[in-house]
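Notes follow once the structure below has been shown.
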Amino acid sequence: MTTPDHLAHLTTAAQAKTVYTTTRARLEDAVRRTAAERDAARTGLMDVNNHLDAARTALAKLDRDAHLYPHADERDAERAALAAQIGHLTQCKPSFYALHGAATVAHKSAALELAWLDRPDSRSDIPADTTATLLWHRSEIATVTAPASGYTVSTYSASRPGQPWRESQLGTVRRSRARSVAQNWIGEPGAYVLADRYGRLYVACANWRLEMTPTDMAPPHTEGAALQAALSVYGFPAYNDGEGGFTWLSVPLDRDASEEETYMGLHFRIASGEDADRPASAHDEPWGLSVYDADGDFVTTLDPAPAGSSLAQDCAHAARSVAEYARTQH
């Protein structure tokens with residue numbers, strides 16, 4: 001019997017316990033794996049730096065002592081070998097930094113997911129409140145959201161007036177995402193944005209309501225955040241983007257481009273499946289790297305990371321590919 005078939009024959013309580021046990025085991029394994037990968041990347045980076053320092057010191061000694069000895073082909077060959085080694089190690093360093101940065105984000109995310117697994121529902125920690133204040137300006141939302149680390153998000157909807165409301169829990173988001181969501185509803189016809197004295201945010205429409213409850217624990221990092229960490233090593237910004245339920249990261253080939261300027265020239269759309277906003281531990285498909293021009297026309301696609309790569313390895317590969325492609329355009 002497959003796992004889905006097995007779960008289908010369990011009682012609700014048994015299903016919940018099985019899902020909890022399976023999820024805990026998966027996250028504990030993710031914490032161990034990402035910690036090991038982060039530590040290995042740090043060790044690799046230290047080795048590169050040590051070898052680079054040694055090669056530079058040896059080359060400096062050769063140059064310093066060159067006038068003391070007659071010309072020798074052996075010393076020229078040694079000097080050339082050291083210069084080549086320095087060039088190779090210097091070129092490799094960003095890859096190790098990118099790998100370490102992405103692995104660090106992946107590890108922190110797995111640890112946060114594990115912590116969230118045993119955390120009580122934050123909505124039960126906050127007393128019910130029958131009063132809420134109508135918000136009119138984006139700045140008011142920024143003030144309300146300032147104290148929170150993250151938000152749990154739920155929606156309530158009814159198919160038509162008078163029907164029971166159905167609840168959908170959408171997980172947790174960072175403060176910046178909750179703030180952006182609420183601010184984008186300001187001024188929408190038929191929509192009201194409210195906040196209660198406990199910091200909960202509401203968006204109320206005729207047959208739909210969004211509720212965001214503040215938490216004192218940051219939500220897990222996304223797979224996109226790991227990629228952003230790797231890209232930052234090479235100086236590339238990466239902006240969250242999406243359309244029709246699909247999300248991806250947009251990366252301008254011009255490192256100095258703002259988010260608005262990203263689409264005015266060559267840029268990457270980097271996606272993993274349909275969603276770049278999943279928790280880092282959910283990354284199960286290599287980043288796809290596609291280049292588009294200022295008109296939004298497809299230009300080319302770069303090779304993905306090798307099959308079986310971890311999220312950190314995938315991010316380091318993608319960041320290096322972006323940097324190398326950008327180099328060919330100048």
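Identifiers for the structure tokens are assigned positionally: chains receive A, B, ... in sequence, residues are indexed from 1 per chain, and ligands are indexed from 1 in the order shown.
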Strand (DSSP E or B) call set, DSSP backbone run, segment 9-223 of chain A, as a PyMOL selection string: chain A and resi 133-134+150-157+166-174+192-195+201-204+208-215+222
Take atom CA of Leu99 of chain A and atom CA of Ala230 of chain A and report the distance between them in Å, one decimal.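 Taking atom CA of Leu99 of chain A and atom CA of Ala230 of chain A, their separation equals 6.6 Å.
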With only C-alpha atoms as the counted atoms, please give the residues lying no more than 6 Å from segment 83-98 of chain A, apart from itself and same-chain residues fewer than 2 positions off, as a list in words.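 So the residues in contact are Leu45, Leu52, Ala80, Ala81, His100, Gly101, Ala230, Val233 and Ala316 of chain A.
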Under the rule of at most 7 Å, produce a per-residue listing of segment 67-152 of chain A near segment 19-39 of chain A: chain, number, name, the closest pair of atoms, and the distance in Å, as a tab-separated table, using only C-alpha atoms.
```
residue	atom	partner	partner_atom	distance
A:His100	CA	A:Arg38	CA	5.6
A:Ala103	CA	A:Arg38	CA	4.9
A:Thr104	CA	A:Arg38	CA	5.7
A:Ala106	CA	A:Thr34	CA	6.3
A:His107	CA	A:Thr34	CA	4.8
A:Ala110	CA	A:Val31	CA	5.4
A:Ala111	CA	A:Val31	CA	5.9
A:Leu114	CA	A:Leu27	CA	5.9
```
As number ranges by chain, please: the residues near Trp287 of chain A (cut-off 12 Å, only C-alpha atoms, same-chain neighbours under 3 positions excluded). A: 223-224, 226-227, 248-249, 268-276, 283-284, 290, 301-307, 309-319, 321-322
Those selected residues, please, written with N, CA and C atoms and delivered as an mmCIF file, in the first residue's frame.
```cif
data_model
loop_
_atom_site.group_PDB
_atom_site.id
_atom_site.type_symbol
_atom_site.label_atom_id
_atom_site.label_comp_id
_atom_site.auth_asym_id
_atom_site.auth_seq_id
_atom_site.Cartn_x
_atom_site.Cartn_y
_atom_site.Cartn_z
ATOM 1 N N GLU A 223 13.004 29.520 -0.954
ATOM 2 C CA GLU A 223 14.060 29.090 -1.871
ATOM 3 C C GLU A 223 14.594 30.281 -2.660
ATOM 4 N N GLY A 224 13.705 31.249 -2.938
ATOM 5 C CA GLY A 224 14.135 32.461 -3.628
ATOM 6 C C GLY A 224 15.126 33.266 -2.801
ATOM 7 N N ALA A 226 17.353 32.052 -0.787
ATOM 8 C CA ALA A 226 18.657 31.388 -0.914
ATOM 9 C C ALA A 226 19.338 31.800 -2.215
ATOM 10 N N LEU A 227 18.567 31.892 -3.282
ATOM 11 C CA LEU A 227 19.125 32.319 -4.565
ATOM 12 C C LEU A 227 19.571 33.775 -4.498
ATOM 13 N N TRP A 248 8.430 33.974 -9.654
ATOM 14 C CA TRP A 248 9.807 33.774 -10.064
ATOM 15 C C TRP A 248 10.627 34.961 -9.584
ATOM 16 N N LEU A 249 11.934 34.920 -9.845
ATOM 17 C CA LEU A 249 12.824 36.028 -9.540
ATOM 18 C C LEU A 249 13.275 36.674 -10.841
ATOM 19 N N PHE A 268 17.023 38.225 -16.529
ATOM 20 C CA PHE A 268 16.706 36.825 -16.302
ATOM 21 C C PHE A 268 15.364 36.686 -15.610
ATOM 22 N N ARG A 269 14.652 35.640 -15.962
ATOM 23 C CA ARG A 269 13.538 35.147 -15.156
ATOM 24 C C ARG A 269 13.971 33.774 -14.653
ATOM 25 N N ILE A 270 14.118 33.667 -13.343
ATOM 26 C CA ILE A 270 14.637 32.440 -12.746
ATOM 27 C C ILE A 270 13.530 31.805 -11.915
ATOM 28 N N ALA A 271 13.164 30.588 -12.269
ATOM 29 C CA ALA A 271 12.026 29.926 -11.629
ATOM 30 C C ALA A 271 12.360 28.479 -11.323
ATOM 31 N N SER A 272 11.688 27.952 -10.300
ATOM 32 C CA SER A 272 11.759 26.530 -9.967
ATOM 33 C C SER A 272 10.330 26.011 -9.968
ATOM 34 N N GLY A 273 9.934 25.369 -11.053
ATOM 35 C CA GLY A 273 8.539 24.978 -11.171
ATOM 36 C C GLY A 273 7.673 26.212 -11.305
ATOM 37 N N GLU A 274 6.609 26.264 -10.519
ATOM 38 C CA GLU A 274 5.667 27.372 -10.612
ATOM 39 C C GLU A 274 5.783 28.363 -9.462
ATOM 40 N N ASP A 275 6.661 28.084 -8.496
ATOM 41 C CA ASP A 275 6.647 28.871 -7.269
ATOM 42 C C ASP A 275 8.063 29.067 -6.744
ATOM 43 N N ALA A 276 8.477 30.318 -6.591
ATOM 44 C CA ALA A 276 9.778 30.630 -5.993
ATOM 45 C C ALA A 276 9.623 31.098 -4.556
ATOM 46 N N HIS A 283 12.306 22.993 -2.029
ATOM 47 C CA HIS A 283 12.937 23.119 -3.353
ATOM 48 C C HIS A 283 13.209 21.728 -3.920
ATOM 49 N N ASP A 284 12.546 21.378 -5.009
ATOM 50 C CA ASP A 284 12.685 20.033 -5.558
ATOM 51 C C ASP A 284 12.880 20.028 -7.073
ATOM 52 N N SER A 290 16.159 31.737 -17.790
ATOM 53 C CA SER A 290 15.807 32.204 -19.135
ATOM 54 C C SER A 290 16.088 33.692 -19.253
ATOM 55 N N THR A 301 18.167 30.278 -23.028
ATOM 56 C CA THR A 301 18.092 29.587 -21.742
ATOM 57 C C THR A 301 19.462 29.024 -21.412
ATOM 58 N N LEU A 302 19.878 29.139 -20.173
ATOM 59 C CA LEU A 302 21.151 28.586 -19.734
ATOM 60 C C LEU A 302 20.940 27.217 -19.108
ATOM 61 N N ASP A 303 21.978 26.424 -19.101
ATOM 62 C CA ASP A 303 21.887 25.067 -18.561
ATOM 63 C C ASP A 303 21.601 25.095 -17.068
ATOM 64 N N PRO A 304 20.719 24.217 -16.596
ATOM 65 C CA PRO A 304 20.436 24.143 -15.155
ATOM 66 C C PRO A 304 21.548 23.413 -14.417
ATOM 67 N N ALA A 305 21.460 23.393 -13.100
ATOM 68 C CA ALA A 305 22.423 22.656 -12.286
ATOM 69 C C ALA A 305 22.269 21.158 -12.554
ATOM 70 N N PRO A 306 23.310 20.383 -12.311
ATOM 71 C CA PRO A 306 23.215 18.934 -12.514
ATOM 72 C C PRO A 306 22.125 18.312 -11.655
ATOM 73 N N ALA A 307 21.540 17.230 -12.150
ATOM 74 C CA ALA A 307 20.504 16.524 -11.390
ATOM 75 C C ALA A 307 21.059 16.087 -10.045
ATOM 76 N N SER A 309 21.438 18.059 -7.438
ATOM 77 C CA SER A 309 22.060 19.159 -6.698
ATOM 78 C C SER A 309 21.166 19.601 -5.547
ATOM 79 N N SER A 310 21.777 19.994 -4.453
ATOM 80 C CA SER A 310 21.020 20.559 -3.336
ATOM 81 C C SER A 310 20.585 21.971 -3.702
ATOM 82 N N LEU A 311 19.738 22.570 -2.866
ATOM 83 C CA LEU A 311 19.314 23.948 -3.117
ATOM 84 C C LEU A 311 20.522 24.874 -3.165
ATOM 85 N N ALA A 312 21.452 24.743 -2.210
ATOM 86 C CA ALA A 312 22.618 25.630 -2.173
ATOM 87 C C ALA A 312 23.463 25.453 -3.423
ATOM 88 N N GLN A 313 23.686 24.209 -3.845
ATOM 89 C CA GLN A 313 24.467 23.961 -5.062
ATOM 90 C C GLN A 313 23.758 24.524 -6.288
ATOM 91 N N ASP A 314 22.435 24.373 -6.317
ATOM 92 C CA ASP A 314 21.649 24.903 -7.430
ATOM 93 C C ASP A 314 21.759 26.428 -7.482
ATOM 94 N N CYS A 315 21.675 27.070 -6.315
ATOM 95 C CA CYS A 315 21.759 28.530 -6.251
ATOM 96 C C CYS A 315 23.148 29.016 -6.677
ATOM 97 N N ALA A 316 24.199 28.333 -6.205
ATOM 98 C CA ALA A 316 25.562 28.724 -6.570
ATOM 99 C C ALA A 316 25.777 28.574 -8.078
ATOM 100 N N HIS A 317 25.240 27.488 -8.653
ATOM 101 C CA HIS A 317 25.350 27.268 -10.093
ATOM 102 C C HIS A 317 24.620 28.372 -10.866
ATOM 103 N N ALA A 318 23.401 28.688 -10.440
ATOM 104 C CA ALA A 318 22.605 29.707 -11.129
ATOM 105 C C ALA A 318 23.285 31.070 -11.049
ATOM 106 N N ALA A 319 23.788 31.427 -9.871
ATOM 107 C CA ALA A 319 24.439 32.732 -9.708
ATOM 108 C C ALA A 319 25.692 32.824 -10.575
ATOM 109 N N SER A 321 26.237 31.195 -13.339
ATOM 110 C CA SER A 321 25.803 31.251 -14.734
ATOM 111 C C SER A 321 25.371 32.662 -15.120
ATOM 112 N N VAL A 322 24.659 33.329 -14.231
ATOM 113 C CA VAL A 322 24.241 34.710 -14.494
ATOM 114 C C VAL A 322 25.467 35.605 -14.658
#
```
Identify all residues of segment 56-241 of chain A in alpha helix (DSSP H) (DSSP on the backbone) and supply them as an NGL selection string. :A and (56-65 or 73-117 or 138-145 or 175-185 or 223-233)
Report, in Å with one decimal, the straight-line distance from atom CA of Gln163 of chain A to atom CA of Thr131 of chain A.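 Interatomic distance, atom CA of Gln163 of chain A to atom CA of Thr131 of chain A: 23.8 Å.
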Pick out the closest residue to Gln169 of chain A from this set: A:Glu260, A:Glu211, A:Asp73, A:Asp196. Count only C-alpha atoms.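 Once distances to Gln169 of chain A are computed over only C-alpha atoms, the minimum belongs to A:Glu211.
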At what distance in Å, to one decimal, does atom CA of Leu62 of chain A lie from atom CA of Met46 of chain A?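 Pair atom CA of Met46 of chain A / atom CA of Leu62 of chain A returns 24.4 Å.
Excluding segment 177-180 of chain A itself and same-chain residues fewer than 3 positions from it, the residues having an atom within 8 Å of it are Ile141, Ala142, Thr145, Gly150, Tyr151, Val173, Arg174, Gln183, Asn184 and Met212 of chain A, counting only C-alpha atoms.
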Please identify all polymer residues within 10 Å of Cys205 of chain A, counting only C-alpha atoms, omitting same-chain residues fewer than 6 positions from it, and present them as an mmCIF file with N, CA and C atoms, in the first residue's frame.
```cif
data_model
loop_
_atom_site.group_PDB
_atom_site.id
_atom_site.type_symbol
_atom_site.label_atom_id
_atom_site.label_comp_id
_atom_site.auth_asym_id
_atom_site.auth_seq_id
_atom_site.Cartn_x
_atom_site.Cartn_y
_atom_site.Cartn_z
ATOM 1 N N SER A 157 -14.195 32.831 2.818
ATOM 2 C CA SER A 157 -14.981 33.155 1.635
ATOM 3 C C SER A 157 -16.320 32.428 1.667
ATOM 4 N N GLU A 188 -8.901 50.057 -3.248
ATOM 5 C CA GLU A 188 -9.635 49.180 -4.151
ATOM 6 C C GLU A 188 -11.140 49.321 -3.917
ATOM 7 N N PRO A 189 -11.941 49.460 -4.972
ATOM 8 C CA PRO A 189 -13.385 49.613 -4.792
ATOM 9 C C PRO A 189 -13.986 48.419 -4.044
ATOM 10 N N GLY A 190 -14.815 48.717 -3.050
ATOM 11 C CA GLY A 190 -15.507 47.668 -2.319
ATOM 12 C C GLY A 190 -14.656 46.916 -1.324
ATOM 13 N N ALA A 191 -13.422 47.349 -1.111
ATOM 14 C CA ALA A 191 -12.519 46.680 -0.173
ATOM 15 C C ALA A 191 -12.167 47.629 0.969
ATOM 16 N N TYR A 192 -12.102 47.085 2.175
ATOM 17 C CA TYR A 192 -11.745 47.873 3.353
ATOM 18 C C TYR A 192 -10.574 47.203 4.059
ATOM 19 N N VAL A 193 -9.560 47.989 4.398
ATOM 20 C CA VAL A 193 -8.392 47.488 5.125
ATOM 21 C C VAL A 193 -8.483 47.997 6.555
#
```
Skip Leu135 of chain A itself and residues of its chain fewer than 2 positions away, then list as a compact mmCIF listing (two decimals) with C-alpha atoms, in the first residue's frame all residues within 7 Å of it, counting only C-alpha atoms.
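Saved as out.txt:
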```
# COMPACT_ATOMS: atom_id res chain seq x y z
CA THR A 133 -9.77 50.77 12.84
CA HIS A 137 -3.04 55.32 3.94
CA GLU A 140 -0.63 53.58 8.49
CA VAL A 193 -8.39 47.49 5.13
CA LEU A 194 -8.60 47.42 8.93
```
